[in-house]
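This is model30.txt (compact mmCIF, C-alpha atoms).
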```
# COMPACT_ATOMS: atom_id res chain seq x y z
CA MET A 1 0.00 0.00 0.00
CA THR A 2 1.36 3.41 -0.95
CA VAL A 3 0.15 6.76 0.28
CA ARG A 4 1.84 9.79 -1.24
CA ARG A 5 2.74 12.82 0.71
CA GLY A 6 0.50 15.70 -0.27
CA THR A 7 -0.66 19.12 0.59
CA ALA A 8 -3.39 17.61 2.74
CA VAL A 9 -0.82 16.71 5.38
CA LEU A 10 0.61 20.21 5.36
CA LEU A 11 -2.85 21.64 5.87
CA ALA A 12 -3.87 19.20 8.61
CA ALA A 13 -2.53 21.15 11.56
CA GLY A 14 -4.41 24.27 10.62
CA LEU A 15 -7.59 22.42 9.78
CA LEU A 16 -7.63 20.73 13.18
CA PHE A 17 -8.69 23.99 14.77
CA LEU A 18 -11.73 23.94 12.52
CA ALA A 19 -12.42 20.26 13.15
CA GLY A 20 -13.60 20.25 16.73
CA CYS A 21 -10.44 19.01 18.43
CA GLY A 22 -10.10 19.33 22.19
CA GLY A 23 -12.55 21.06 24.46
CA ASP A 24 -15.01 20.23 27.20
CA ARG A 25 -17.61 17.54 26.43
CA SER A 26 -20.17 19.33 28.58
CA ALA A 27 -19.70 22.74 26.98
CA ASP A 28 -21.99 24.31 24.44
CA GLN A 29 -24.88 21.94 25.06
CA ALA A 30 -27.18 24.33 23.25
CA VAL A 31 -25.85 23.06 19.95
CA GLY A 32 -26.94 19.48 20.71
CA LYS A 33 -25.52 16.33 22.22
CA ARG A 34 -21.72 16.24 22.19
CA LEU A 35 -19.95 13.04 21.24
CA SER A 36 -16.40 12.31 22.35
CA ILE A 37 -14.08 10.64 19.83
CA ALA A 38 -11.11 8.85 21.41
CA THR A 39 -8.17 9.20 19.02
CA GLY A 40 -4.47 9.05 19.93
CA ASN A 41 -1.28 11.10 20.17
CA THR A 42 -1.54 14.65 18.84
CA THR A 43 1.03 14.04 16.10
CA GLY A 44 -0.58 10.80 14.92
CA VAL A 45 -3.13 10.11 12.19
CA TYR A 46 -5.91 9.10 14.61
CA TYR A 47 -5.96 12.62 16.04
CA VAL A 48 -5.85 14.32 12.65
CA LEU A 49 -8.54 12.13 11.13
CA GLY A 50 -10.59 12.21 14.34
CA GLY A 51 -10.67 15.99 14.14
CA GLY A 52 -12.00 15.78 10.60
CA LEU A 53 -14.62 13.24 11.65
CA ALA A 54 -15.72 15.48 14.53
CA ASP A 55 -16.14 18.38 12.12
CA GLN A 56 -18.25 16.30 9.72
CA ILE A 57 -20.47 14.99 12.52
CA GLY A 58 -21.27 18.54 13.60
CA LYS A 59 -22.07 19.57 10.04
CA ASN A 60 -24.04 16.53 8.91
CA ILE A 61 -25.74 14.72 11.80
CA PRO A 62 -28.54 16.95 13.16
CA GLY A 63 -28.56 17.40 16.93
CA TYR A 64 -24.93 16.32 17.45
CA GLN A 65 -21.55 17.96 17.86
CA ALA A 66 -18.30 16.05 18.38
CA THR A 67 -14.91 16.52 19.98
CA ALA A 68 -11.70 14.66 19.12
CA GLU A 69 -9.88 13.77 22.34
CA ALA A 70 -6.12 13.09 22.50
CA THR A 71 -5.49 9.72 24.21
CA GLY A 72 -2.97 6.92 24.50
CA ALA A 73 -4.86 5.18 21.64
CA SER A 74 -6.16 1.64 21.08
CA VAL A 75 -6.38 -0.14 24.45
CA GLU A 76 -7.14 3.06 26.35
CA ASN A 77 -9.72 4.03 23.71
CA ILE A 78 -11.60 0.76 24.12
CA GLN A 79 -11.54 1.17 27.89
CA ARG A 80 -12.93 4.70 27.52
CA VAL A 81 -15.83 3.50 25.36
CA VAL A 82 -16.66 0.68 27.77
CA ARG A 83 -16.64 3.11 30.73
CA GLY A 84 -18.73 5.67 28.87
CA ASP A 85 -15.96 8.30 28.86
CA SER A 86 -15.91 8.29 25.05
CA ASP A 87 -18.59 7.49 22.51
CA ILE A 88 -16.52 6.61 19.44
CA ALA A 89 -12.99 5.24 19.25
CA PHE A 90 -10.22 4.49 16.82
CA THR A 91 -8.41 1.24 17.55
CA LEU A 92 -6.09 -1.27 15.97
CA ALA A 93 -7.81 -4.49 14.96
CA ASP A 94 -5.51 -6.68 17.07
CA SER A 95 -6.36 -4.76 20.24
CA ALA A 96 -10.07 -4.84 19.36
CA ALA A 97 -9.89 -8.60 18.79
CA ASP A 98 -8.29 -9.01 22.22
CA ALA A 99 -11.11 -6.90 23.69
CA VAL A 100 -14.01 -8.92 22.31
CA THR A 101 -12.36 -12.24 23.19
CA GLY A 102 -11.07 -11.17 26.62
CA LYS A 103 -7.39 -11.67 25.89
CA GLY A 104 -4.19 -9.66 26.23
CA ALA A 105 -4.90 -6.43 28.12
CA PHE A 106 -8.54 -7.48 28.68
CA THR A 107 -9.45 -10.12 31.27
CA THR A 108 -13.06 -10.44 30.07
CA PRO A 109 -14.87 -9.83 26.75
CA GLN A 110 -15.66 -6.14 26.25
CA PRO A 111 -19.02 -4.80 24.95
CA ILE A 112 -17.75 -3.03 21.83
CA ARG A 113 -19.00 -3.21 18.27
CA ALA A 114 -17.45 -2.08 15.01
CA VAL A 115 -18.70 0.72 12.79
CA ALA A 116 -16.18 0.10 10.03
CA ARG A 117 -12.74 -1.09 9.08
CA LEU A 118 -10.94 2.07 8.03
CA TYR A 119 -7.36 1.94 6.75
CA ASP A 120 -4.22 0.00 7.61
CA ASN A 121 -1.66 1.08 10.18
CA HIS A 122 1.99 0.45 9.43
CA THR A 123 4.43 -0.43 12.18
CA GLN A 124 7.28 2.06 11.97
CA VAL A 125 10.50 1.34 13.85
CA VAL A 126 12.99 4.20 13.58
CA ALA A 127 16.53 4.02 14.99
CA THR A 128 19.49 6.36 15.04
CA THR A 129 22.06 5.43 12.42
CA GLY A 130 24.80 5.64 15.05
CA SER A 131 23.17 2.89 17.12
CA GLY A 132 23.96 0.19 14.60
CA VAL A 133 20.39 -1.13 14.69
CA LYS A 134 19.59 -2.91 11.42
CA SER A 135 16.98 -5.38 12.72
CA VAL A 136 14.64 -5.76 15.68
CA ALA A 137 17.09 -8.22 17.27
CA ASP A 138 19.72 -5.43 17.21
CA LEU A 139 17.63 -3.50 19.76
CA ARG A 140 19.17 -5.65 22.50
CA GLY A 141 20.76 -3.33 25.04
CA LYS A 142 19.29 -0.20 23.41
CA ARG A 143 17.04 2.54 24.74
CA VAL A 144 13.67 2.00 23.07
CA SER A 145 10.31 3.76 23.29
CA THR A 146 7.50 1.22 22.98
CA GLY A 147 4.68 3.78 22.84
CA SER A 148 2.16 5.19 25.27
CA PRO A 149 0.88 2.89 28.04
CA ASN A 150 -2.28 1.05 26.97
CA SER A 151 -1.76 1.93 23.31
CA GLY A 152 -1.95 -0.31 20.27
CA THR A 153 1.64 0.68 19.56
CA GLU A 154 2.70 -0.74 22.93
CA VAL A 155 0.91 -4.03 22.21
CA ILE A 156 2.67 -4.37 18.87
CA ALA A 157 6.06 -3.19 20.17
CA LEU A 158 6.15 -5.79 22.94
CA ARG A 159 5.12 -8.51 20.51
CA LEU A 160 7.80 -7.39 18.03
CA LEU A 161 10.51 -7.64 20.66
CA LYS A 162 9.38 -11.08 21.76
CA ALA A 163 9.19 -12.26 18.13
CA ALA A 164 12.86 -11.26 17.78
CA GLY A 165 13.77 -13.29 20.86
CA LEU A 166 14.08 -10.33 23.22
CA ASP A 167 12.61 -9.89 26.69
CA PRO A 168 11.03 -6.41 26.71
CA GLU A 169 11.76 -6.00 30.42
CA GLU A 170 15.29 -7.39 30.49
CA ASP A 171 16.92 -7.01 27.08
CA VAL A 172 16.10 -3.37 26.29
CA THR A 173 15.88 -0.18 28.30
CA ARG A 174 12.22 0.43 27.67
CA GLN A 175 10.45 3.77 27.89
CA SER A 176 6.68 4.12 27.53
CA LEU A 177 6.44 7.41 25.67
CA GLY A 178 3.85 8.89 23.34
CA LEU A 179 4.91 9.78 19.82
CA PRO A 180 5.66 13.48 20.46
CA GLU A 181 7.80 12.59 23.48
CA SER A 182 9.52 9.75 21.60
CA VAL A 183 10.41 12.01 18.69
CA GLN A 184 11.81 14.66 21.03
CA ALA A 185 13.82 12.07 22.97
CA LEU A 186 15.43 10.84 19.75
CA LYS A 187 16.25 14.42 18.80
CA ASP A 188 17.80 14.98 22.24
CA GLY A 189 19.87 11.80 22.09
CA ASP A 190 17.95 10.17 24.94
CA LEU A 191 16.68 7.23 22.85
CA ASP A 192 18.20 4.87 20.32
CA ALA A 193 14.92 3.83 18.69
CA LEU A 194 11.16 4.18 18.77
CA VAL A 195 8.26 1.98 17.74
CA TRP A 196 5.14 3.53 16.27
CA SER A 197 2.03 2.09 14.63
CA GLY A 198 0.21 4.61 12.49
CA GLY A 199 -1.13 5.60 9.11
CA LEU A 200 1.07 6.88 6.30
CA PRO A 201 2.40 9.45 6.50
CA THR A 202 2.37 10.10 10.26
CA PRO A 203 3.13 13.81 10.91
CA GLY A 204 5.38 13.08 13.90
CA ILE A 205 7.49 10.62 11.89
CA THR A 206 7.71 13.12 9.03
CA ASP A 207 9.01 15.69 11.51
CA LEU A 208 11.58 13.26 12.89
CA LEU A 209 12.94 12.19 9.51
CA THR A 210 13.05 15.78 8.28
CA SER A 211 14.77 17.13 11.40
CA LEU A 212 17.32 14.31 11.65
CA ARG A 213 17.81 13.62 7.95
CA GLY A 214 20.59 11.04 7.60
CA GLN A 215 20.81 10.49 11.36
CA VAL A 216 17.82 8.12 11.67
CA ALA A 217 16.51 5.29 9.51
CA PHE A 218 13.69 2.76 9.39
CA VAL A 219 14.32 -0.77 10.63
CA PRO A 220 12.88 -3.46 8.29
CA LEU A 221 10.41 -5.84 9.94
CA ASP A 222 10.05 -8.71 7.46
CA GLY A 223 12.35 -10.85 9.62
CA VAL A 224 9.93 -10.93 12.56
CA LEU A 225 6.65 -11.14 10.63
CA PRO A 226 6.48 -14.98 10.46
CA ALA A 227 6.84 -15.26 14.25
CA MET A 228 4.25 -12.53 14.77
CA ARG A 229 1.73 -14.30 12.56
CA ALA A 230 2.44 -17.70 14.07
CA GLU A 231 1.84 -16.40 17.59
CA HIS A 232 -0.88 -13.80 17.06
CA GLY A 233 -2.63 -14.57 13.78
CA SER A 234 -3.40 -13.02 10.43
CA ALA A 235 -4.20 -9.53 11.75
CA TYR A 236 -0.49 -8.95 11.11
CA ALA A 237 0.23 -8.76 7.39
CA PRO A 238 3.22 -7.79 5.25
CA GLY A 239 3.35 -4.11 4.37
CA THR A 240 5.59 -1.59 2.67
CA ILE A 241 6.52 1.98 3.46
CA ALA A 242 7.17 3.26 -0.05
CA LYS A 243 10.16 5.54 -0.42
CA ASP A 244 8.04 8.49 -1.57
CA VAL A 245 6.00 8.51 1.67
CA TYR A 246 8.83 9.97 3.75
CA ASP A 247 11.38 10.62 0.98
CA THR A 248 13.60 7.74 2.09
CA PRO A 249 16.34 6.14 -0.04
CA SER A 250 14.32 2.96 -0.63
CA ASP A 251 11.11 1.15 0.27
CA VAL A 252 11.00 -0.42 3.74
CA SER A 253 9.33 -3.72 4.65
CA THR A 254 6.95 -3.43 7.57
CA ILE A 255 3.93 -5.01 9.26
CA SER A 256 0.43 -3.70 8.64
CA VAL A 257 -2.61 -3.97 10.90
CA PRO A 258 -6.14 -2.74 10.07
CA ASN A 259 -7.77 0.08 12.02
CA LEU A 260 -11.36 -0.05 13.20
CA LEU A 261 -13.85 2.57 14.33
CA VAL A 262 -15.75 1.16 17.33
CA VAL A 263 -18.58 2.12 19.68
CA HIS A 264 -20.35 0.60 22.67
CA GLU A 265 -22.73 -2.22 21.77
CA LYS A 266 -25.62 -0.22 23.30
CA MET A 267 -25.18 2.91 21.18
CA ASP A 268 -28.39 3.98 19.42
CA PRO A 269 -28.56 2.01 16.13
CA ALA A 270 -29.94 5.04 14.27
CA LEU A 271 -26.94 7.11 15.34
CA VAL A 272 -24.50 4.36 14.34
CA GLU A 273 -26.20 4.08 10.94
CA SER A 274 -25.76 7.84 10.48
CA LEU A 275 -22.10 7.64 11.51
CA THR A 276 -21.48 4.81 9.06
CA ARG A 277 -23.17 6.67 6.22
CA LEU A 278 -21.14 9.78 6.98
CA LEU A 279 -17.84 7.91 6.54
CA PHE A 280 -18.67 7.23 2.93
CA GLU A 281 -20.77 10.22 1.92
CA ARG A 282 -18.18 12.64 3.36
CA ARG A 283 -15.04 10.71 2.56
CA ALA A 284 -13.83 13.40 0.16
CA GLU A 285 -13.87 15.92 3.02
CA LEU A 286 -11.97 13.49 5.26
CA GLU A 287 -9.35 13.03 2.53
CA LYS A 288 -8.66 16.76 2.70
CA ILE A 289 -7.75 16.31 6.36
CA HIS A 290 -5.49 13.31 5.70
CA PRO A 291 -4.95 11.31 2.47
CA VAL A 292 -5.16 7.99 4.34
CA ALA A 293 -8.97 8.40 4.25
CA ARG A 294 -8.79 7.36 0.59
CA GLU A 295 -8.43 3.79 1.83
CA ILE A 296 -11.88 3.76 3.46
CA SER A 297 -13.98 1.57 1.17
CA ARG A 298 -17.33 -0.20 1.35
CA ASP A 299 -15.66 -3.40 0.13
CA ASN A 300 -13.42 -3.59 3.21
CA ALA A 301 -15.49 -1.68 5.78
CA ARG A 302 -17.51 -4.66 6.97
CA LYS A 303 -14.44 -6.91 7.33
CA THR A 304 -14.07 -6.39 11.07
CA GLU A 305 -13.99 -10.01 12.33
CA PRO A 306 -13.75 -11.12 15.06
CA VAL A 307 -15.23 -7.79 16.20
CA PRO A 308 -18.97 -7.87 15.38
CA LEU A 309 -20.49 -5.03 13.42
CA HIS A 310 -22.94 -2.87 15.35
CA GLU A 311 -26.52 -3.45 14.22
CA GLY A 312 -26.70 0.16 12.97
CA ALA A 313 -23.66 -0.39 10.76
CA ARG A 314 -25.11 -3.67 9.49
CA LYS A 315 -28.28 -1.86 8.50
CA TYR A 316 -26.29 0.66 6.48
CA TYR A 317 -24.23 -1.98 4.67
CA GLY A 318 -27.39 -3.93 3.90
```

What do you get writing this file as structure tokens?
Amino acid sequence: MTVRRGTAVLLAAGLLFLAGCGGDRSADQAVGKRLSIATGNTTGVYYVLGGGLADQIGKNIPGYQATAEATGASVENIQRVVRGDSDIAFTLADSAADAVTGKGAFTTPQPIRAVARLYDNHTQVVATTGSGVKSVADLRGKRVSTGSPNSGTEVIALRLLKAAGLDPEEDVTRQSLGLPESVQALKDGDLDALVWSGGLPTPGITDLLTSLRGQVAFVPLDGVLPAMRAEHGSAYAPGTIAKDVYDTPSDVSTISVPNLLVVHEKMDPALVESLTRLLFERRAELEKIHPVAREISRDNARKTEPVPLHEGARKYYG
């Protein structure tokens, strides 16, 4: 899968202010019910696209306004939906599968349902060239950020390390940092590598590669993919970060995981049907926020197994 860098990414930061990001859920009740969208780190695609989704909800679903909330991402987002702290959430499919089956970070099955499969995340491991890291196994003894606590990135990062034969607690100096903090730590020389799972291009990774041009590089992941799939299933698929995405010398092999949009199983079916319709009828507007929205398609949207589709989404898909 290839996503070209475009002017949409350059415009995203400014458009976020128009897209309902941040703010108090209880404020401005006169405009209608406010929905909270759990996204991710502020320099990740979830937050950018979530801001665009919030804007489109306010413009196109009568009686509703929406706010995109910065979070730790996947696992935390699911927990927020289950608690009622958020209404809509972005999540990686592997974390969502753990949630509905009561595995991994979840001790019991969680009452979430899918609205749609969106686009694929790509696992992006970036290391300083001076560290000598050419593979995941080379992270032994290095200072590594494995992502925010309770994030989908953290889930994948820990599994990557184990697939390479490393103990995440013993063989690396692990730091649980969000993407903005991870990028800054690499710039400051306080980290040797970071792991990130996000859409292409991710603004924070673009910033890192631009700021430290020639001093950081992607680590290929094809060597650990077979072990990942053997242990955790087909949610992990081969992927490619094409060289024109971040203006790198060559394509990089990576691991892709689908993203889902999820809600609580008890959300009003009529509202879920409206949300599902909005994804497709307003996709062109979402593409202006981030080009990754081009990947949202009706053919793939219902492929959310083992996470069941919400009945409102099923009604829309027919």

Output, as AutoDock Vina command-line options, the centre and edge lengths in Å (one decimal) of the axis-aligned box that contains all listed atoms of segment 208-224 of chain A with 4 Å of margin on each side.
```
--center_x 15.4 --center_y 3.1 --center_z 10.2 --size_x 18.9 --size_y 36.1 --size_z 13.4
```

Can you check which parts of segment 245-308 of chain A lie within 8 Å of segment 116-130 of chain A? Per residue, the shortest pair of atoms and distance in Å to one decimal, counting only C-alpha atoms, sorted by chain and number, as a Markdown table.
```
| residue | atom | partner | partner_atom | distance |
| --- | --- | --- | --- | --- |
| A:Thr254 | CA | A:Thr123 | CA | 6.0 |
| A:Ile255 | CA | A:Thr123 | CA | 5.5 |
| A:Ser256 | CA | A:His122 | CA | 4.5 |
| A:Val257 | CA | A:Asn121 | CA | 5.2 |
| A:Pro258 | CA | A:Asp120 | CA | 4.2 |
| A:Asn259 | CA | A:Leu118 | CA | 5.5 |
| A:Leu260 | CA | A:Arg117 | CA | 4.5 |
| A:Leu261 | CA | A:Ala116 | CA | 5.5 |
| A:Val262 | CA | A:Ala116 | CA | 7.4 |
| A:Thr276 | CA | A:Ala116 | CA | 7.2 |
| A:Val292 | CA | A:Tyr119 | CA | 6.9 |
| A:Ala293 | CA | A:Tyr119 | CA | 7.1 |
| A:Glu295 | CA | A:Tyr119 | CA | 5.4 |
| A:Ile296 | CA | A:Leu118 | CA | 5.0 |
| A:Ser297 | CA | A:Leu118 | CA | 7.5 |
| A:Asn300 | CA | A:Arg117 | CA | 6.4 |
| A:Ala301 | CA | A:Arg117 | CA | 4.3 |
| A:Arg302 | CA | A:Ala116 | CA | 5.8 |
| A:Lys303 | CA | A:Arg117 | CA | 6.3 |
| A:Thr304 | CA | A:Arg117 | CA | 5.8 |
```

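The space separating atom CA of Ala73 of chain A from atom CA of Ser86 of chain A comes to 12.0 Å.
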
Please tabulate, as a Markdown table, the residues of segment 164-270 of chain A that come within 12 Å of segment 45-64 of chain A, each with its closest pair of atoms and the distance in Å to one decimal, counting only C-alpha atoms and ordering rows by chain, then residue number upward.
```
| residue | atom | partner | partner_atom | distance |
| --- | --- | --- | --- | --- |
| A:Leu179 | CA | A:Val45 | CA | 11.1 |
| A:Trp196 | CA | A:Val45 | CA | 11.3 |
| A:Ser197 | CA | A:Val45 | CA | 9.8 |
| A:Gly198 | CA | A:Val45 | CA | 6.4 |
| A:Gly199 | CA | A:Val45 | CA | 5.8 |
| A:Leu200 | CA | A:Val45 | CA | 7.9 |
| A:Pro201 | CA | A:Val45 | CA | 8.0 |
| A:Thr202 | CA | A:Val45 | CA | 5.8 |
| A:Pro203 | CA | A:Val45 | CA | 7.4 |
| A:Gly204 | CA | A:Val45 | CA | 9.2 |
| A:Ile205 | CA | A:Val45 | CA | 10.6 |
| A:Thr206 | CA | A:Val45 | CA | 11.7 |
| A:Asn259 | CA | A:Tyr46 | CA | 9.6 |
| A:Leu260 | CA | A:Tyr46 | CA | 10.7 |
| A:Leu261 | CA | A:Gly50 | CA | 10.2 |
| A:Ala270 | CA | A:Ile61 | CA | 10.8 |
```

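Counting from atom CA of Asp247 of chain A, the distance to atom CA of Gly223 of chain A is 23.2 Å.
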
Name all residues at most 10 Å from segment 229-232 of chain A (count all atoms listed in the file; drop same-chain ones fewer than 6 positions away) and give them as a short mmCIF file (atom, residue, chain, number, x, y, z; two decimals) with C-alpha atoms, keeping the file's coordinate frame.
```cif
data_model
loop_
_atom_site.label_atom_id
_atom_site.label_comp_id
_atom_site.auth_asym_id
_atom_site.auth_seq_id
_atom_site.Cartn_x
_atom_site.Cartn_y
_atom_site.Cartn_z
CA ASP A 94 -5.51 -6.68 17.07
CA ARG A 159 5.12 -8.51 20.51
CA ALA A 163 9.19 -12.26 18.13
CA PRO A 238 3.22 -7.79 5.25
#
```

ask   = Leaving out Ser36 of chain A and any residue of its chain fewer than 5 positions from it, which residues lie within 8 Å of it when counting only C-alpha atoms, given as a PyMOL selection string?
value = chain A and resi 25+66-69+85-88

Please dump the current selection as a tab-separated table (two decimals), in the coordinates of the input; keep C-alpha atoms.
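And here's result-v3.tsv as it stands now:
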```
chain	number	residue	atom	x	y	z
A	25	ARG	CA	-17.61	17.54	26.43
A	66	ALA	CA	-18.30	16.05	18.38
A	67	THR	CA	-14.91	16.52	19.98
A	68	ALA	CA	-11.70	14.66	19.12
A	69	GLU	CA	-9.88	13.77	22.34
A	85	ASP	CA	-15.96	8.30	28.86
A	86	SER	CA	-15.91	8.29	25.05
A	87	ASP	CA	-18.59	7.49	22.51
A	88	ILE	CA	-16.52	6.61	19.44
```

Distance query segment 134-144 of chain A at most 8 Å, only C-alpha atoms, self and fewer than 5 positions along chain excluded, as an mmCIF file with C-alpha atoms, keeping the file's coordinate frame:
```
data_model
loop_
_atom_site.group_PDB
_atom_site.id
_atom_site.type_symbol
_atom_site.label_atom_id
_atom_site.label_comp_id
_atom_site.auth_asym_id
_atom_site.auth_seq_id
_atom_site.Cartn_x
_atom_site.Cartn_y
_atom_site.Cartn_z
ATOM 1 C CA LEU A 160 7.800 -7.390 18.030
ATOM 2 C CA LEU A 161 10.510 -7.640 20.660
ATOM 3 C CA ALA A 164 12.860 -11.260 17.780
ATOM 4 C CA GLY A 165 13.770 -13.290 20.860
ATOM 5 C CA LEU A 166 14.080 -10.330 23.220
ATOM 6 C CA ASP A 171 16.920 -7.010 27.080
ATOM 7 C CA VAL A 172 16.100 -3.370 26.290
ATOM 8 C CA THR A 173 15.880 -0.180 28.300
ATOM 9 C CA ARG A 174 12.220 0.430 27.670
ATOM 10 C CA GLN A 175 10.450 3.770 27.890
ATOM 11 C CA ASP A 190 17.950 10.170 24.940
ATOM 12 C CA LEU A 191 16.680 7.230 22.850
ATOM 13 C CA ASP A 192 18.200 4.870 20.320
ATOM 14 C CA ALA A 193 14.920 3.830 18.690
ATOM 15 C CA LEU A 194 11.160 4.180 18.770
ATOM 16 C CA VAL A 195 8.260 1.980 17.740
ATOM 17 C CA VAL A 219 14.320 -0.770 10.630
ATOM 18 C CA PRO A 220 12.880 -3.460 8.290
ATOM 19 C CA LEU A 221 10.410 -5.840 9.940
ATOM 20 C CA GLY A 223 12.350 -10.850 9.620
ATOM 21 C CA VAL A 224 9.930 -10.930 12.560
#
```

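Closest approach to His264 of chain A from the set A:Ser250, A:Thr101, A:Thr42, A:Gln110 is made by A:Gln110, with distances taken over all atoms listed in the file.
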
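Minimum atom-to-atom distance to Ile112 of chain A, evaluated using all atoms listed in the file, belongs to A:Asn77 out of A:Asn77, A:Ser145, A:Thr43, A:Ser131.
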